[in-house]
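Below is one structure, written out as C-alpha cells; the observations come after it.
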Amino acid sequence: MKKRCFAMIAAATLALAVTAGPAMAAKEIRIGFIVPMTGIFAQIGKDMANGFKMYLSQTNNMMGPVKVKVIFEDSTGKPSVNRQKAIKLIRRDKVHLFVGGLLASTGYALGAVADRFKTLYISPVPAGDDMTQRKPPKYFIRSGFTSSQGSHPLADYAYDQGYRRIVAIGQDYAFGYETIGGFQTQFERRGGKIIKKIWAKLGTKDFGPYLPQIPKDADAVMALMVGPSSLAFPKQFRAAGFKMPLLGGITSADEFILPSMGDEAIGYVTAGQYSAALTTDKNKAFVKEYQSRYGKMASYYSETTYTTALWIHKTLEKINWNPDDTVGFIREFKKIRINATRGPLYIGSHGNVVQNIYIRKVQRVSGDRLGLGVKPNSLWNIVIKTYPAVSQFYKQSPEEFLKKPVYSKSFPGCKFCK
C-alpha cells in the first residue's frame with residue numbers, strides 16, 4: 001500500500017513538473033546590450049540605454065516571472081568592436097539574446113555573429129536595408145526600421161510640394177547611401193531629378209569643402225546627417241547663405257540633437273517613424289516620464305529601445321517565459337502586433353517593421369508644450385503629414401524592389417547630375 005501511494009505521489013509530482021516546466025524553466029533572462037558609451041556617439045548610446053532601462057524600471061526588472069539581467073557593453077561605434085563585444089556576451093556571459101548596435105554597418109557585423117553562434121540578435125537602431133531584404137540573417141530580428149523606409153514617402157512629400165530639382169548630401173557609409181538611395185529612387189519615379197550627390201565623411205564637423213558643390217538653383221537639399229554632423233550641417237548651410245528648403249532623414253534633426261540646435265533648424269523637414277511631438281496619450285506619458293527621469297526630450301533612439309523591451313516582454317509571454325526557446329522566440333516575435341509609443345507596429349513578410357512614417361517639420365513652440373516638463377520655447381518635430389503602415393518596399397512589390405541591387409554609393413546612379 002505504501003509503495004502504491006508513493007508511486008502515485010511521484011507520478012503526480014512528475015506530471016506537475018512537466019505541466020509547469022516551461023513556465024518555471026527560467027528564473028532569469030540574460031540580455032546583452034551593445035551601445036557606444038565612449039566616442040562621438042556616446043550621447044546617442046546613452047539615449048538608447050535609457051529607453052531600455054526606463055521600461056525595465058516600470059516592471060521592476062521583471063518580465064512576468066522572469067528576472068531580467070542586462071549586461072551593457074561599450075561598442076565605441078565601431079563594427080569590429082561590436083563583433084568582439086557580441087562574442088564576449090555569448091561565450092562568457094551566456095546571454096540568451098543581445099540587443100543594440102548603432103551604425104548600419106555594425107548591424108551587418110552583428111547579424112553575422114548571431115548566425116555564427118546561433119544566438120538571437122535584435123536590432124532597434126542599425127537599419128541596413130539588406131538585413132531584411134536579400135540577405136537576412138537567420139538569428140536576426142529588427143524592431144526599428146530600414147534606412148530607406150522613411151525616405152521613400154519623404155520623396156513623395158517633396159514632389160507634392162512642387163520640388164523638381166534636388167541636391168542630395170549624405171554621410172559616406174551604408175546608412176547614408178541607403179537613405180539617399182531610397183529618396184532618389186522614389187523622387188525620380190515621380191518625375192523629379194537629383195541633380196547632385198555629395199558624400200561627406202562620417203563625423204564631419206566642417207562642411208566648408210562640401211557647401212560650394214551645392215548648386216544654388218536647386219529647389220531643395222536632401223541631407224542625411226548623423227551625430228555631430230547633424231548639428232554642424234544646417235548651421236553652416238544657412239551661414240553660407242543658402243535659402244532653399246532643407247529635407248532630411250530621421251537622424252538629421254532627431255530630438256537627440258534638437259535641444260542643441262538654434263533657429264537655423266526651423267523649417268527643417270524630416271521623415272521618421274517617431275516624433276516626440278505626437279499628441280497621443282501614450283506618447284505624452286512617455287515623453288513626460290523620460291523628461292522627468294533623464295532631464296531631456298525623448299528621442300527615437302530612446303523610443304525604439306523602450307519598445308524593443310516591451311516587444312521582448314510580450315514575446316516571452318507567448319513562449320511561456322522560456323528564453324531558451326530561441327526558435328520559438330523568433331517565430332512569436334514576428335507574429336505580435338503592438339500599439340507602441342510610436343504607433344501601430346507589425347512585422348512584414350520579409351522581416352521588417354511595418355509602421356507609420358511621419359513627415360516632421362522643426363518648429364519652435366512657446367512655453368511648455370502640452371505641459372510635459374520640456375524646457376519652454378524648445379524646438380519640436382511637429383508632425384505635418386502621416387503615411388500609415390509603410391513597409392520597406394513602399395509602393396513597389398517585393399519582387400520589383402528586390403530584383404534591383406541594394407542602395408549603395410553607386411546605385412542608383414546620378415543620371416541628372418551636372
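Chain labels run A, B, ... following the order of the C-alpha cells; each chain numbers its residues from 1, and ligands are numbered from 1 in the order shown.
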Handout entry: Sel. of helix (DSSP H, G or I) residues, stretch 20-113 of chain A, as a PyMOL selection string
Key = chain A and resi 20-24+42-58+79-91+104-113
Using only C-alpha atoms, which residues sit within 7 Å of A:Tyr121 once same-chain residues fewer than 6 positions away are excluded, as a short mmCIF file (atom, residue, chain, number, x, y, z; two decimals) with C-alpha atoms, in the first residue's frame?
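For reference, part_25.cif as written:
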```cif
data_model
loop_
_atom_site.label_atom_id
_atom_site.label_comp_id
_atom_site.auth_asym_id
_atom_site.auth_seq_id
_atom_site.Cartn_x
_atom_site.Cartn_y
_atom_site.Cartn_z
CA LEU A 97 19.98 37.26 -26.81
CA PHE A 98 21.70 40.56 -27.49
CA VAL A 99 20.35 43.97 -28.49
CA GLY A 111 23.98 39.78 -37.78
CA ALA A 114 24.32 35.97 -34.45
CA TYR A 139 19.06 34.64 -36.00
CA PHE A 140 18.11 38.28 -36.51
CA ILE A 141 15.03 40.34 -35.67
#
```
Exercise for the section: With a distance cut-off of 8 Å and only C-alpha atoms, select the neighbouring residues of stretch 34-47 of chain A, excluding the residue or stretch itself and same-chain residues fewer than 6 positions from it, and output the selection as JSON, numbers by chain. Expected result: {"A": [72, 73, 74, 75, 76, 77, 82, 85, 86, 98, 99, 100, 101, 102, 203, 227, 228, 256, 298, 299, 301, 302]}
Those residues with C-alpha atoms, as a short mmCIF file (atom, residue, chain, number, x, y, z; two decimals), in the first residue's frame please?
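As written to disk, result14.cif reads:
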```
data_model
loop_
_atom_site.label_atom_id
_atom_site.label_comp_id
_atom_site.auth_asym_id
_atom_site.auth_seq_id
_atom_site.Cartn_x
_atom_site.Cartn_y
_atom_site.Cartn_z
CA PHE A 72 25.93 46.55 -21.09
CA GLU A 73 28.97 46.67 -23.37
CA ASP A 74 30.65 49.70 -24.96
CA SER A 75 30.85 49.33 -28.74
CA THR A 76 32.61 52.70 -29.29
CA GLY A 77 30.54 52.81 -32.50
CA ASN A 82 30.71 45.40 -31.83
CA LYS A 85 31.64 42.52 -27.56
CA ALA A 86 28.92 40.29 -29.02
CA PHE A 98 21.70 40.56 -27.49
CA VAL A 99 20.35 43.97 -28.49
CA GLY A 100 21.93 47.12 -29.84
CA GLY A 101 24.45 48.41 -32.32
CA LEU A 102 24.15 51.85 -33.88
CA GLY A 203 31.66 62.55 -38.27
CA GLY A 227 25.81 62.51 -34.74
CA PRO A 228 27.91 65.73 -34.68
CA PHE A 256 18.51 63.80 -29.64
CA ALA A 298 12.80 61.61 -25.62
CA SER A 299 14.32 60.70 -28.98
CA TYR A 301 16.79 56.24 -30.02
CA SER A 302 15.10 56.04 -26.61
#
```
Exercise for the section: Just the residues within 12 Å of A:Gln236, please, counting only C-alpha atoms, with nothing from its chain fewer than 4 positions along; format it as number ranges by chain. Expected result: A: 204-212, 229-232, 240-243, 261-262, 264-265
Exercise for the section: Taking the chain letters and numbering used in this document, name the residues of stretch 234-281 of chain A that DSSP puts in strand (DSSP E), as a list in words. Expected result: Leu246, Leu247, Gly248, Val269, Thr270, Ala271 and Gly272 of chain A
Show me, as a tab-separated table (two decimals) with N, CA and C atoms, in the first residue's frame, the residues that have an atom within 9 Å of A:Thr307 when counting only C-alpha atoms, minus same-chain residues fewer than 3 positions from it.
```tsv
chain	number	residue	atom	x	y	z
A	51	GLY	N	16.30	54.34	-22.71
A	51	GLY	CA	14.97	53.86	-23.13
A	51	GLY	C	14.72	52.45	-22.63
A	52	PHE	N	15.73	51.59	-22.76
A	52	PHE	CA	15.60	50.20	-22.31
A	52	PHE	C	15.47	50.14	-20.79
A	55	TYR	N	11.94	51.17	-19.44
A	55	TYR	CA	10.92	50.11	-19.47
A	55	TYR	C	11.12	49.15	-18.31
A	124	PRO	N	17.38	47.42	-32.74
A	124	PRO	CA	16.45	48.54	-32.59
A	124	PRO	C	16.85	49.76	-33.41
A	143	SER	N	13.55	45.51	-34.78
A	143	SER	CA	12.46	46.20	-34.09
A	143	SER	C	12.43	47.68	-34.45
A	302	SER	N	15.64	56.51	-27.88
A	302	SER	CA	15.10	56.04	-26.61
A	302	SER	C	13.76	55.33	-26.81
A	303	GLU	N	12.96	55.82	-27.75
A	303	GLU	CA	11.67	55.17	-28.00
A	303	GLU	C	11.86	53.78	-28.57
A	304	THR	N	12.80	53.60	-29.48
A	304	THR	CA	12.94	52.31	-30.14
A	304	THR	C	13.47	51.23	-29.19
A	310	LEU	N	9.59	46.18	-24.51
A	310	LEU	CA	8.18	45.79	-24.46
A	310	LEU	C	7.93	44.58	-25.35
A	311	TRP	N	8.51	44.59	-26.53
A	311	TRP	CA	8.33	43.51	-27.50
A	311	TRP	C	8.93	42.20	-26.98
A	312	ILE	N	10.10	42.29	-26.35
A	312	ILE	CA	10.72	41.11	-25.74
A	312	ILE	C	9.80	40.53	-24.66
A	338	ILE	N	1.85	45.35	-32.07
A	338	ILE	CA	1.98	46.21	-30.89
A	338	ILE	C	1.46	47.61	-31.18
A	340	ALA	N	2.50	50.64	-30.10
A	340	ALA	CA	3.67	51.18	-29.39
A	340	ALA	C	3.57	52.69	-29.21
A	341	THR	N	4.55	53.23	-28.53
A	341	THR	CA	4.61	54.68	-28.35
A	341	THR	C	4.61	55.39	-29.69
A	342	ARG	N	5.32	54.84	-30.65
A	342	ARG	CA	5.42	55.49	-31.97
A	342	ARG	C	4.20	55.25	-32.84
```
Exercise for the section: List the neighbours of A:Phe145 out to 9 Å using only C-alpha atoms; skip same-chain residues closer than 3 positions along the sequence, and give me the result as a list in words. Expected result: Ser123, Pro124, Val125, Pro126, Ala127, Gly128, Asp129, Arg142, Ser148, Gln149, Gly150, Gln273, Asn352, Val353, Val354, Gln355 and Gln392 of chain A
Residues just named, written with N, CA and C atoms as a short mmCIF file (atom, residue, chain, number, x, y, z; two decimals), in the first residue's frame:
```
data_model
loop_
_atom_site.label_atom_id
_atom_site.label_comp_id
_atom_site.auth_asym_id
_atom_site.auth_seq_id
_atom_site.Cartn_x
_atom_site.Cartn_y
_atom_site.Cartn_z
N SER A 123 17.76 44.14 -33.46
CA SER A 123 18.27 45.44 -33.89
C SER A 123 17.23 46.53 -33.73
N PRO A 124 17.38 47.42 -32.74
CA PRO A 124 16.45 48.54 -32.59
C PRO A 124 16.85 49.76 -33.41
N VAL A 125 18.14 49.87 -33.78
CA VAL A 125 18.63 51.06 -34.48
C VAL A 125 19.34 50.74 -35.80
N PRO A 126 20.35 49.86 -35.84
CA PRO A 126 21.03 49.60 -37.12
C PRO A 126 20.02 49.26 -38.21
N ALA A 127 20.05 50.02 -39.30
CA ALA A 127 18.94 50.00 -40.25
C ALA A 127 19.32 49.47 -41.62
N GLY A 128 20.44 48.76 -41.73
CA GLY A 128 20.88 48.27 -43.03
C GLY A 128 19.76 47.57 -43.79
N ASP A 129 19.45 48.07 -44.97
CA ASP A 129 18.32 47.57 -45.75
C ASP A 129 18.37 46.07 -45.97
N ARG A 142 14.43 42.54 -36.41
CA ARG A 142 14.51 44.01 -36.42
C ARG A 142 13.30 44.58 -35.70
N SER A 148 16.11 53.14 -45.78
CA SER A 148 15.37 53.82 -46.84
C SER A 148 13.87 53.91 -46.57
N GLN A 149 13.40 53.32 -45.48
CA GLN A 149 11.96 53.21 -45.25
C GLN A 149 11.27 54.57 -45.16
N GLY A 150 11.87 55.51 -44.45
CA GLY A 150 11.26 56.83 -44.31
C GLY A 150 11.49 57.73 -45.50
N GLN A 273 9.91 57.38 -38.11
CA GLN A 273 8.84 56.58 -37.52
C GLN A 273 8.42 57.06 -36.14
N ASN A 352 10.74 42.98 -41.76
CA ASN A 352 10.92 44.37 -41.31
C ASN A 352 9.63 44.91 -40.71
N VAL A 353 9.76 45.90 -39.85
CA VAL A 353 8.61 46.51 -39.19
C VAL A 353 7.79 47.35 -40.17
N VAL A 354 6.50 47.10 -40.21
CA VAL A 354 5.57 47.95 -40.95
C VAL A 354 5.02 48.96 -39.94
N GLN A 355 5.10 50.25 -40.27
CA GLN A 355 4.79 51.28 -39.28
C GLN A 355 4.48 52.62 -39.95
N GLN A 392 8.95 48.36 -45.97
CA GLN A 392 10.26 48.71 -46.51
C GLN A 392 10.24 48.80 -48.04
#
```
Practice task
Using only C-alpha atoms, find the one residue out of A:Ser80, A:Thr106, A:Thr119, A:Ser366 that sits nearest to A:Phe329.
Solution key: A:Thr119
Practice task
Write out as a count of residues only each polymer residue whose atoms come within 12 Å of stretch 384-391 of chain A, counting only C-alpha atoms; drop sequence neighbours fewer than 6 positions from it.
Solution key: 55
Handout entry: Nearest candidate to A:Cys414 (options A:Leu246, A:Asn381, A:Lys193, A:Met225; using only C-alpha atoms)
Key = A:Lys193
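Of the listed residues A:Gly367, A:Gly248, A:Pro65, A:Gly32, the one whose atoms come nearest to A:Asn320 is A:Pro65, with distances taken using only C-alpha atoms.
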